[in-house]
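Printed here is structure_39.cif (mmCIF, C-alpha atoms and all ligand atoms):
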```cif
data_run
loop_
_atom_site.label_atom_id
_atom_site.label_comp_id
_atom_site.auth_asym_id
_atom_site.auth_seq_id
_atom_site.Cartn_x
_atom_site.Cartn_y
_atom_site.Cartn_z
CA MET A 181 169.51 57.37 -1.69
CA SER A 182 169.49 53.84 -3.00
CA ILE A 183 167.07 51.64 -1.09
CA ARG A 184 166.13 48.22 -2.38
CA PRO A 185 162.85 47.17 -0.71
CA LEU A 186 162.75 43.79 0.97
CA SER A 187 161.12 40.82 -0.75
CA LEU A 188 158.43 38.85 1.10
CA ASP A 189 161.02 36.19 1.95
CA GLU A 190 163.40 38.85 3.28
CA ILE A 191 160.61 40.41 5.35
CA LYS A 192 160.02 37.02 6.99
CA LYS A 193 163.70 36.81 7.87
CA MET A 194 163.63 40.35 9.27
CA GLU A 195 160.62 39.44 11.39
CA LYS A 196 162.54 36.51 12.86
CA ALA A 197 165.71 38.50 13.56
CA CYS A 198 163.69 41.29 15.15
CA ARG A 199 161.61 38.94 17.31
CA LEU A 200 164.80 37.32 18.56
CA ALA A 201 166.32 40.70 19.43
CA ALA A 202 163.15 41.60 21.35
CA GLU A 203 163.09 38.24 23.16
CA THR A 204 166.75 38.64 24.09
CA LEU A 205 166.10 42.11 25.51
CA LEU A 206 163.08 40.84 27.45
CA TYR A 207 165.11 37.93 28.83
CA VAL A 208 168.10 39.99 29.95
CA GLY A 209 165.90 42.82 31.21
CA LYS A 210 164.21 40.52 33.72
CA LEU A 211 167.60 39.62 35.17
CA ILE A 212 168.82 43.17 35.76
CA ARG A 213 169.39 43.93 39.44
CA VAL A 214 171.54 45.92 41.86
CA GLY A 215 175.12 44.62 41.94
CA MET A 216 175.06 43.00 38.51
CA THR A 217 177.96 44.04 36.25
CA THR A 218 177.52 45.11 32.65
CA ASP A 219 179.91 42.29 31.69
CA GLU A 220 177.32 39.88 33.14
CA ILE A 221 174.67 41.46 30.91
CA ASP A 222 177.05 41.02 27.98
CA LYS A 223 177.57 37.33 28.72
CA ILE A 224 173.83 36.70 29.06
CA VAL A 225 173.18 38.34 25.67
CA TYR A 226 176.09 36.50 24.05
CA ASP A 227 175.02 33.07 25.35
CA TYR A 228 171.30 33.55 24.66
CA THR A 229 171.96 34.76 21.10
CA LEU A 230 174.25 31.84 20.23
CA THR A 231 171.78 29.36 21.73
CA LYS A 232 169.18 30.70 19.29
CA GLY A 233 171.48 30.23 16.30
CA ALA A 234 172.14 33.94 15.86
CA ILE A 235 175.11 36.29 16.20
CA PRO A 236 175.29 39.34 18.48
CA ALA A 237 175.82 42.00 15.81
CA PRO A 238 177.83 44.48 17.92
CA LEU A 239 180.62 41.95 18.59
CA GLY A 240 183.50 42.95 16.31
CA TYR A 241 181.39 45.54 14.47
CA HIS A 242 183.98 48.15 13.40
CA GLY A 243 186.06 46.72 16.24
CA PHE A 244 183.38 47.05 18.96
CA PRO A 245 184.60 44.67 21.68
CA LYS A 246 181.34 43.36 23.21
CA SER A 247 178.00 41.75 22.26
CA VAL A 248 175.68 44.47 23.50
CA CYS A 249 175.75 48.17 24.39
CA THR A 250 175.13 49.06 28.04
CA SER A 251 174.78 52.80 28.65
CA ILE A 252 174.44 53.88 32.27
CA ASN A 253 173.06 57.26 33.48
CA ASN A 254 174.98 60.04 31.65
CA VAL A 255 176.18 57.64 28.94
CA VAL A 256 174.03 58.42 25.92
CA CYS A 257 174.76 55.35 23.78
CA HIS A 258 177.34 52.70 22.79
CA GLY A 259 178.40 52.11 26.39
CA ILE A 260 180.83 49.19 26.63
CA PRO A 261 180.17 46.37 29.10
CA ASP A 262 182.84 46.06 31.80
CA GLN A 263 183.24 45.30 35.50
CA THR A 264 181.02 48.23 36.55
CA ALA A 265 178.29 47.07 38.95
CA LEU A 266 174.79 48.55 38.76
CA LYS A 267 173.77 50.68 41.73
CA GLU A 268 170.33 51.33 43.18
CA GLY A 269 168.81 54.32 41.38
CA ASP A 270 170.83 53.92 38.16
CA ILE A 271 169.25 53.79 34.74
CA ILE A 272 170.76 51.58 32.06
CA ASN A 273 169.99 51.34 28.37
CA VAL A 274 170.58 47.85 27.00
CA ASP A 275 170.80 47.83 23.20
CA VAL A 276 170.53 44.43 21.54
CA THR A 277 171.14 43.74 17.87
CA SER A 278 170.71 40.16 16.65
CA LYS A 279 171.91 38.93 13.27
CA LEU A 280 169.87 35.93 12.20
CA ASP A 281 170.00 34.29 8.76
CA GLY A 282 171.75 37.38 7.39
CA PHE A 283 169.26 39.96 8.75
CA PHE A 284 169.54 42.43 11.61
CA GLY A 285 167.02 43.24 14.36
CA ASP A 286 167.88 46.23 16.58
CA THR A 287 166.08 47.20 19.79
CA SER A 288 166.82 48.82 23.13
CA LYS A 289 165.17 49.81 26.39
CA THR A 290 166.19 51.84 29.38
CA PHE A 291 165.79 49.91 32.64
CA CYS A 292 165.61 51.33 36.16
CA VAL A 293 167.86 49.63 38.71
CA GLY A 294 166.00 49.10 41.98
CA VAL A 295 164.04 52.16 43.05
CA VAL A 296 164.71 55.38 41.13
CA GLY A 297 163.57 58.92 41.81
CA ALA A 298 160.36 60.41 40.37
CA GLU A 299 162.28 62.76 38.04
CA VAL A 300 164.28 59.83 36.73
CA LEU A 301 161.13 57.82 36.05
CA ASP A 302 159.62 60.80 34.26
CA LEU A 303 162.65 61.05 31.94
CA VAL A 304 162.60 57.33 31.15
CA GLU A 305 158.86 57.39 30.43
CA ALA A 306 159.34 60.48 28.21
CA ALA A 307 161.99 58.65 26.19
CA ARG A 308 159.66 55.69 25.67
CA LEU A 309 156.79 57.94 24.63
CA ALA A 310 159.10 59.95 22.35
CA MET A 311 159.92 56.74 20.49
CA GLU A 312 156.19 55.96 20.19
CA LYS A 313 155.40 59.44 18.86
CA GLY A 314 158.15 59.02 16.29
CA ILE A 315 156.89 55.61 15.19
CA GLU A 316 153.31 56.92 14.87
CA ALA A 317 154.58 59.57 12.42
CA ILE A 318 155.72 56.90 9.93
CA THR A 319 153.77 56.82 6.66
CA PRO A 320 154.65 55.23 3.30
CA TYR A 321 156.46 57.84 1.20
CA GLY A 322 156.48 60.16 4.22
CA MET A 323 159.75 61.75 5.30
CA THR A 324 162.26 61.11 8.07
CA GLY A 325 161.71 64.73 9.15
CA ASP A 326 158.08 63.85 10.01
CA ILE A 327 159.42 61.41 12.60
CA GLY A 328 162.02 63.78 14.02
CA PHE A 329 159.55 66.64 14.21
CA GLU A 330 157.10 64.68 16.37
CA ILE A 331 159.84 63.34 18.63
CA ASN A 332 161.39 66.74 19.22
CA LYS A 333 158.02 68.43 19.75
CA PHE A 334 157.07 65.94 22.45
CA VAL A 335 160.45 65.98 24.17
CA THR A 336 160.69 69.78 24.16
CA ARG A 337 157.21 70.09 25.68
CA LYS A 338 158.32 67.77 28.46
CA GLY A 339 161.25 70.10 29.17
CA TYR A 340 163.91 67.70 27.93
CA THR A 341 166.21 67.77 24.88
CA THR A 342 166.92 65.41 22.00
CA VAL A 343 170.39 64.46 20.83
CA LYS A 344 170.84 65.86 17.33
CA GLU A 345 173.95 64.24 15.89
CA ILE A 346 173.06 60.57 16.48
CA GLY A 347 169.77 58.79 15.75
CA GLY A 348 167.97 56.02 13.96
CA HIS A 349 168.90 54.34 10.70
CA GLY A 350 167.85 51.98 7.99
CA VAL A 351 168.39 48.34 8.99
CA GLY A 352 167.91 45.00 7.29
CA ARG A 353 170.53 43.30 5.14
CA THR A 354 173.08 45.43 6.98
CA PHE A 355 173.29 46.82 10.54
CA HIS A 356 173.31 50.48 9.57
CA GLU A 357 172.05 51.69 6.22
CA GLU A 358 170.16 54.62 4.73
CA PRO A 359 168.30 56.67 5.73
CA PHE A 360 169.44 58.55 8.86
CA VAL A 361 166.40 58.92 11.14
CA PRO A 362 166.80 62.10 13.20
CA SER A 363 165.11 62.85 16.53
CA TRP A 364 164.45 66.43 15.36
CA GLY A 365 163.59 68.11 12.08
CA LYS A 366 160.86 69.57 9.96
CA LYS A 367 157.78 67.88 8.54
CA GLY A 368 158.29 67.04 4.87
CA LYS A 369 162.10 67.33 5.08
CA GLY A 370 164.81 64.70 5.16
CA ASP A 371 164.67 61.39 3.29
CA LYS A 372 161.67 59.53 1.92
CA LEU A 373 160.33 56.47 3.74
CA ILE A 374 160.14 53.59 1.28
CA PRO A 375 157.57 50.78 1.72
CA PHE A 376 159.05 47.40 2.66
CA HIS A 377 162.23 48.93 4.01
CA CYS A 378 163.02 48.86 7.76
CA ILE A 379 164.17 51.75 9.91
CA THR A 380 164.90 52.16 13.59
CA VAL A 381 163.36 54.88 15.71
CA GLU A 382 165.66 55.47 18.68
CA PRO A 383 165.52 58.93 20.22
CA MET A 384 168.11 59.79 22.86
CA VAL A 385 166.45 62.06 25.40
CA ASN A 386 168.55 64.20 27.71
CA GLN A 387 167.48 65.50 31.08
CA GLY A 388 169.52 68.68 30.61
CA ARG A 389 171.37 70.13 27.64
CA GLU A 390 171.42 68.41 24.27
CA GLU A 391 175.19 68.52 23.79
CA VAL A 392 177.11 65.27 23.90
CA ILE A 393 180.79 64.48 24.14
CA GLU A 394 182.21 61.85 21.78
CA LYS A 395 184.66 59.42 23.38
CA PRO A 396 186.90 56.87 21.66
CA ILE A 397 186.62 53.11 22.17
CA GLN A 398 190.03 51.46 22.20
CA GLY A 399 190.62 49.36 19.09
CA SER A 400 187.36 50.48 17.48
CA SER A 401 186.20 53.19 15.08
CA ILE A 402 182.86 53.29 16.97
CA LYS A 403 182.58 56.15 19.47
CA TYR A 404 180.58 56.23 22.65
CA TYR A 405 178.79 59.33 23.87
CA GLU A 406 178.16 61.04 27.18
CA THR A 407 176.08 64.09 28.05
CA LYS A 408 178.25 67.17 28.26
CA ASP A 409 176.50 68.36 31.44
CA LEU A 410 176.74 64.84 32.97
CA LYS A 411 172.96 64.73 33.47
CA LEU A 412 170.96 61.63 32.57
CA SER A 413 170.08 60.38 29.09
CA ALA A 414 167.44 57.74 28.29
CA GLN A 415 166.63 55.89 25.08
CA PHE A 416 164.28 53.30 23.59
CA GLU A 417 164.57 51.70 20.16
CA HIS A 418 162.38 49.62 17.87
CA THR A 419 162.97 48.29 14.37
CA VAL A 420 159.95 49.17 12.24
CA LEU A 421 158.89 47.96 8.80
CA VAL A 422 157.44 50.68 6.59
CA THR A 423 154.52 49.11 4.71
CA ASP A 424 152.34 50.30 1.83
CA THR A 425 149.61 51.29 4.27
CA GLY A 426 151.57 52.36 7.36
CA TYR A 427 154.10 50.53 9.50
CA GLU A 428 154.65 47.43 11.57
CA ILE A 429 156.84 47.29 14.70
CA LEU A 430 158.99 44.18 14.32
CA THR A 431 160.91 44.14 17.61
CA LEU A 432 158.06 42.86 19.77
CA ALA A 433 158.63 39.80 21.95
N1 LIG B 501 172.62 49.15 18.33
C1 LIG B 501 173.19 50.45 18.10
C2 LIG B 501 172.17 51.23 17.29
O1 LIG B 501 171.06 51.31 17.71
C3 LIG B 501 174.49 50.39 17.39
C4 LIG B 501 175.57 49.83 18.18
S1 LIG B 501 176.98 49.78 17.23
C5 LIG B 501 178.09 49.10 18.29
O2 LIG B 501 172.37 51.67 16.20
F1 LIG B 501 179.13 48.85 17.61
F2 LIG B 501 178.31 49.98 19.27
F3 LIG B 501 177.58 48.00 18.79
CO CO B 502 169.89 51.24 15.98
CO CO B 503 170.43 49.60 18.74
#
```
How does the structure come out when it is put into structure tokens?
Amino acid sequence: MSIRPLSLDEIKKMEKACRLAAETLLYVGKLIRVGMTTDEIDKIVYDYTLTKGAIPAPLGYHGFPKSVCTSINNVVCHGIPDQTALKEGDIINVDVTSKLDGFFGDTSKTFCVGVVGAEVLDLVEAARLAMEKGIEAITPYGMTGDIGFEINKFVTRKGYTTVKEIGGHGVGRTFHEEPFVPSWGKKGKGDKLIPFHCITVEPMVNQGREEVIEKPIQGSSIKYYETKDLKLSAQFEHTVLVTDTGYEILTLA
């Protein structure tokens, strides 16, 4: 692993990119309602981001066609905005990545559309808490396995499953960099967490089985994923700075 820690100046830029991503997600999240299409979400994110002098990082990333990922119900991640309208009772993960002054901030939330069932709410809340448990496991020179262990322990106790083959990542000067941050693993295993490097914690939590199906995106080398059993999947994501004493969540609005 070759990680070059961020300088103080670079950390300031990361803070700005991450705050913008969080503000964008807050802004678009408040507008989500029954009948809205995911293309409308895409346009809101695109316009808001450009207004703030930033670039929506997904747009054109390895050929990804839109400015944001919108993953509804059984779509695990990398859902592509289109003419699909949101229905009462749906859940939708909106994943925003802003590139500002050369730095990337990456954050997502799962929103409930109108009124959802109690089991659905429980899954969404479990995904949010799983992310928090993972973040709380971050220590300087700790391991990525510490994070994954806590996430998977919590999710398993709740009766849900974590997606194994996709997860968090280093982020900063580039969108996706080392290390891989799994949502499962063993304490003390994996890669070392380096102070003044940023990672994302973004567990994907499945209502049923952990297996996912990989689907192609036309014109792109990015894949999107669905649950194999077609049950729901929920996800939350923050970009977090590892510090010399602990961590700091950067994607707060
Ligand atoms: N934001 C996603 C993540 O959390 C990555 C999306 S890549 C895209 O890592 F190309 F699908 F936008
Ligand atoms: Co990410
Ligand atoms: Co993301």
Option closest in space to Pro375 in chain A, from A:Glu428, A:Asp302, A:Glu345, A:Glu330 [counting all atoms listed in the file]: A:Glu428
Neighbourhood of ligand CO 503 (chain B) at 8 Å, counting all atoms listed in the file, reported as a list in words: Cys249, Asp275, Val276, Thr277, Asp286, Thr287, Ser288, Thr380, Glu382 and Glu417 of chain A
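You can rank A:Ile224, A:Gly426, A:Glu299, A:Phe360 by their closest distance to Leu211 in chain A using all atoms listed in the file, and at the top of that list sits A:Ile224.
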Quick one: contact table of chain A to ligand CO 502 (chain B), 12 Å max, nearest atom pair and distance in Å to one decimal per residue, counting all atoms listed in the file, chain and number order, as a Markdown table?
```
| residue | atom | partner | partner_atom | distance |
| --- | --- | --- | --- | --- |
| A:Cys198 | CA | B:CO502 | CO | 11.8 |
| A:Ala201 | CA | B:CO502 | CO | 11.7 |
| A:Ala237 | CA | B:CO502 | CO | 11.0 |
| A:Pro238 | CA | B:CO502 | CO | 10.6 |
| A:Val248 | CA | B:CO502 | CO | 11.7 |
| A:Cys249 | CA | B:CO502 | CO | 10.7 |
| A:Cys257 | CA | B:CO502 | CO | 10.1 |
| A:His258 | CA | B:CO502 | CO | 10.2 |
| A:Val274 | CA | B:CO502 | CO | 11.6 |
| A:Asp275 | CA | B:CO502 | CO | 8.0 |
| A:Val276 | CA | B:CO502 | CO | 8.8 |
| A:Thr277 | CA | B:CO502 | CO | 7.8 |
| A:Ser278 | CA | B:CO502 | CO | 11.1 |
| A:Phe284 | CA | B:CO502 | CO | 9.8 |
| A:Gly285 | CA | B:CO502 | CO | 8.7 |
| A:Asp286 | CA | B:CO502 | CO | 5.4 |
| A:Thr287 | CA | B:CO502 | CO | 6.7 |
| A:Ser288 | CA | B:CO502 | CO | 8.1 |
| A:Lys289 | CA | B:CO502 | CO | 11.5 |
| A:Ile346 | CA | B:CO502 | CO | 9.9 |
| A:Gly347 | CA | B:CO502 | CO | 7.6 |
| A:Gly348 | CA | B:CO502 | CO | 5.5 |
| A:His349 | CA | B:CO502 | CO | 6.2 |
| A:Gly350 | CA | B:CO502 | CO | 8.3 |
| A:Val351 | CA | B:CO502 | CO | 7.7 |
| A:Gly352 | CA | B:CO502 | CO | 10.9 |
| A:Thr354 | CA | B:CO502 | CO | 11.2 |
| A:Phe355 | CA | B:CO502 | CO | 7.8 |
| A:His356 | CA | B:CO502 | CO | 7.3 |
| A:Glu357 | CA | B:CO502 | CO | 10.0 |
| A:Glu358 | CA | B:CO502 | CO | 11.7 |
| A:Pro359 | CA | B:CO502 | CO | 11.7 |
| A:Phe360 | CA | B:CO502 | CO | 10.2 |
| A:Val361 | CA | B:CO502 | CO | 9.7 |
| A:Pro362 | CA | B:CO502 | CO | 11.6 |
| A:Cys378 | CA | B:CO502 | CO | 11.0 |
| A:Ile379 | CA | B:CO502 | CO | 8.4 |
| A:Thr380 | CA | B:CO502 | CO | 5.6 |
| A:Val381 | CA | B:CO502 | CO | 7.5 |
| A:Glu382 | CA | B:CO502 | CO | 6.6 |
| A:Pro383 | CA | B:CO502 | CO | 9.8 |
| A:Met384 | CA | B:CO502 | CO | 11.1 |
| A:Gln415 | CA | B:CO502 | CO | 10.7 |
| A:Phe416 | CA | B:CO502 | CO | 9.7 |
| A:Glu417 | CA | B:CO502 | CO | 6.8 |
| A:His418 | CA | B:CO502 | CO | 7.9 |
| A:Thr419 | CA | B:CO502 | CO | 7.7 |
| A:Val420 | CA | B:CO502 | CO | 10.8 |
| A:Thr431 | CA | B:CO502 | CO | 11.6 |
```
Top pick for closest residue to Glu203 in chain A, considering A:Ile272, A:Leu373, A:Leu266, A:Val225 and counting only C-alpha atoms: A:Val225
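Taking only C-alpha atoms and all ligand atoms into account, ligand LIG 501 (chain B) lies nearest to A:Gly399 out of the set A:Gly388, A:Gly325, A:Gly269, A:Gly399.
Using all atoms listed in the file, the shortest contact distance between Lys408 in chain A and any of A:Cys292, A:Leu309, A:Val422, A:Val255 is found at A:Val255.
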Box centre and edge lengths (Å, one decimal), axis-aligned, ligand LIG 501 (chain B) plus 6 Å each side, as JSON:
```
{"center_x": 175.1, "center_y": 49.8, "center_z": 17.7, "size_x": 20.1, "size_y": 15.7, "size_z": 15.1}
```
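Counting from CA of Ser363 in chain A, the distance to CA of Val335 in chain A is 9.5 Å.
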Computed interatomic separation between atom N1 of ligand LIG 501 (chain B) and CA of Ala298 in chain A (Å): 27.6 Å
Nearest residue to Val385 in chain A from the set A:Lys372, A:Lys192, A:Lys223, A:Lys338 (distances using only C-alpha atoms): A:Lys338
Exercise: Thr250 in chain A partners within 6 Å, only C-alpha atoms, chain neighbours under 2 positions left out, as a PyMOL selection string: chain A and resi 259-261+273-274
CA of Pro236 in chain A to CA of Ile191 in chain A, distance in Å rounded to a single decimal: 19.7 Å
Selection: 9 Å around Met323 in chain A, all atoms listed in the file, excl. self and same-chain fewer than 2 positions, as a list of chain:residue names: A:Ile318, A:Thr319, A:Pro320, A:Tyr321, A:Gly325, A:Asp326, A:Ile327, A:Lys367, A:Gly368, A:Lys369, A:Gly370, A:Asp371, A:Lys372, A:Leu373
Give me the residues near Asp189 in chain A as a PDB file with C-alpha atoms, in the frame of the given file, where near means some atom within 12 Å (using only C-alpha atoms) and where sequence neighbours in that chain fewer than 4 positions away do not count.
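Final output, result11.pdb:
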```
ATOM      1  CA  PRO A 185     162.850  47.170  -0.710  1.00  0.00           C
ATOM      2  CA  LYS A 193     163.700  36.810   7.870  1.00  0.00           C
ATOM      3  CA  MET A 194     163.630  40.350   9.270  1.00  0.00           C
ATOM      4  CA  GLU A 195     160.620  39.440  11.390  1.00  0.00           C
ATOM      5  CA  LYS A 196     162.540  36.510  12.860  1.00  0.00           C
ATOM      6  CA  ASP A 281     170.000  34.290   8.760  1.00  0.00           C
ATOM      7  CA  PHE A 283     169.260  39.960   8.750  1.00  0.00           C
ATOM      8  CA  PHE A 376     159.050  47.400   2.660  1.00  0.00           C
TER       9      PHE A 376
END
```
Test item: residues at most 9 Å from range 226-232 of chain A, all atoms listed in the file, excluding those fewer than 5 positions along its chain, as a list in words: Leu200, Ala201, Thr204, Tyr207, Val208, Ile221, Leu239, Lys246, Ser247, Val248, Ser278, Lys279 and Leu280 of chain A
Could range 236-247 of chain A be completed with all heavy atoms and returned as a short mmCIF file (atom, residue, chain, number, x, y, z; two decimals), in the frame of the given file?
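result-v4.cif written:
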```
data_model
loop_
_atom_site.label_atom_id
_atom_site.label_comp_id
_atom_site.auth_asym_id
_atom_site.auth_seq_id
_atom_site.Cartn_x
_atom_site.Cartn_y
_atom_site.Cartn_z
N PRO A 236 175.47 37.99 17.94
CA PRO A 236 175.29 39.34 18.48
C PRO A 236 176.01 40.34 17.58
O PRO A 236 177.24 40.34 17.53
CB PRO A 236 175.91 39.26 19.87
CG PRO A 236 176.86 38.10 19.82
CD PRO A 236 176.42 37.18 18.72
N ALA A 237 175.24 41.16 16.87
CA ALA A 237 175.82 42.00 15.81
C ALA A 237 176.89 42.99 16.29
O ALA A 237 177.81 43.29 15.53
CB ALA A 237 174.70 42.73 15.07
N PRO A 238 176.79 43.52 17.51
CA PRO A 238 177.83 44.48 17.92
C PRO A 238 179.23 43.88 18.01
O PRO A 238 180.21 44.58 17.77
CB PRO A 238 177.36 44.95 19.31
CG PRO A 238 175.87 44.76 19.27
CD PRO A 238 175.69 43.49 18.47
N LEU A 239 179.32 42.58 18.33
CA LEU A 239 180.62 41.95 18.59
C LEU A 239 181.51 42.01 17.34
O LEU A 239 181.22 41.38 16.32
CB LEU A 239 180.42 40.50 19.04
CG LEU A 239 181.66 39.75 19.53
CD1 LEU A 239 182.30 40.43 20.74
CD2 LEU A 239 181.31 38.30 19.87
N GLY A 240 182.57 42.81 17.42
CA GLY A 240 183.50 42.95 16.31
C GLY A 240 183.05 43.95 15.24
O GLY A 240 183.77 44.16 14.25
N TYR A 241 181.90 44.56 15.45
CA TYR A 241 181.39 45.54 14.47
C TYR A 241 182.26 46.80 14.50
O TYR A 241 182.27 47.50 15.51
CB TYR A 241 179.92 45.86 14.79
CG TYR A 241 179.26 46.86 13.86
CD1 TYR A 241 178.95 46.51 12.55
CD2 TYR A 241 178.93 48.14 14.29
CE1 TYR A 241 178.33 47.41 11.70
CE2 TYR A 241 178.32 49.05 13.46
CZ TYR A 241 178.03 48.68 12.16
OH TYR A 241 177.41 49.58 11.32
N HIS A 242 183.00 47.05 13.43
CA HIS A 242 183.98 48.15 13.40
C HIS A 242 184.87 48.11 14.65
O HIS A 242 185.21 49.15 15.21
CB HIS A 242 183.29 49.51 13.26
CG HIS A 242 182.55 49.68 11.98
ND1 HIS A 242 183.19 49.74 10.76
CD2 HIS A 242 181.23 49.76 11.71
CE1 HIS A 242 182.28 49.88 9.79
NE2 HIS A 242 181.08 49.88 10.34
N GLY A 243 185.17 46.89 15.10
CA GLY A 243 186.06 46.72 16.24
C GLY A 243 185.39 46.85 17.60
O GLY A 243 186.08 46.82 18.63
N PHE A 244 184.05 46.96 17.64
CA PHE A 244 183.38 47.05 18.96
C PHE A 244 183.66 45.75 19.72
O PHE A 244 183.51 44.67 19.18
CB PHE A 244 181.87 47.28 18.79
CG PHE A 244 181.17 47.65 20.07
CD1 PHE A 244 181.20 48.95 20.56
CD2 PHE A 244 180.49 46.68 20.81
CE1 PHE A 244 180.56 49.29 21.76
CE2 PHE A 244 179.85 47.01 22.01
CZ PHE A 244 179.89 48.32 22.48
N PRO A 245 184.07 45.86 21.01
CA PRO A 245 184.60 44.67 21.68
C PRO A 245 183.57 43.75 22.33
O PRO A 245 183.93 42.65 22.76
CB PRO A 245 185.49 45.28 22.77
CG PRO A 245 184.88 46.61 23.07
CD PRO A 245 184.28 47.09 21.78
N LYS A 246 182.31 44.16 22.46
CA LYS A 246 181.34 43.36 23.21
C LYS A 246 180.10 43.05 22.38
O LYS A 246 179.95 43.53 21.26
CB LYS A 246 180.96 44.10 24.51
CG LYS A 246 182.15 44.32 25.47
CD LYS A 246 182.65 43.01 26.08
CE LYS A 246 183.95 43.19 26.84
NZ LYS A 246 183.81 43.28 28.27
N SER A 247 179.18 42.25 22.99
CA SER A 247 178.00 41.75 22.26
C SER A 247 176.78 42.63 22.38
O SER A 247 175.76 42.36 21.73
CB SER A 247 177.65 40.35 22.80
OG SER A 247 178.70 39.46 22.52
#
```
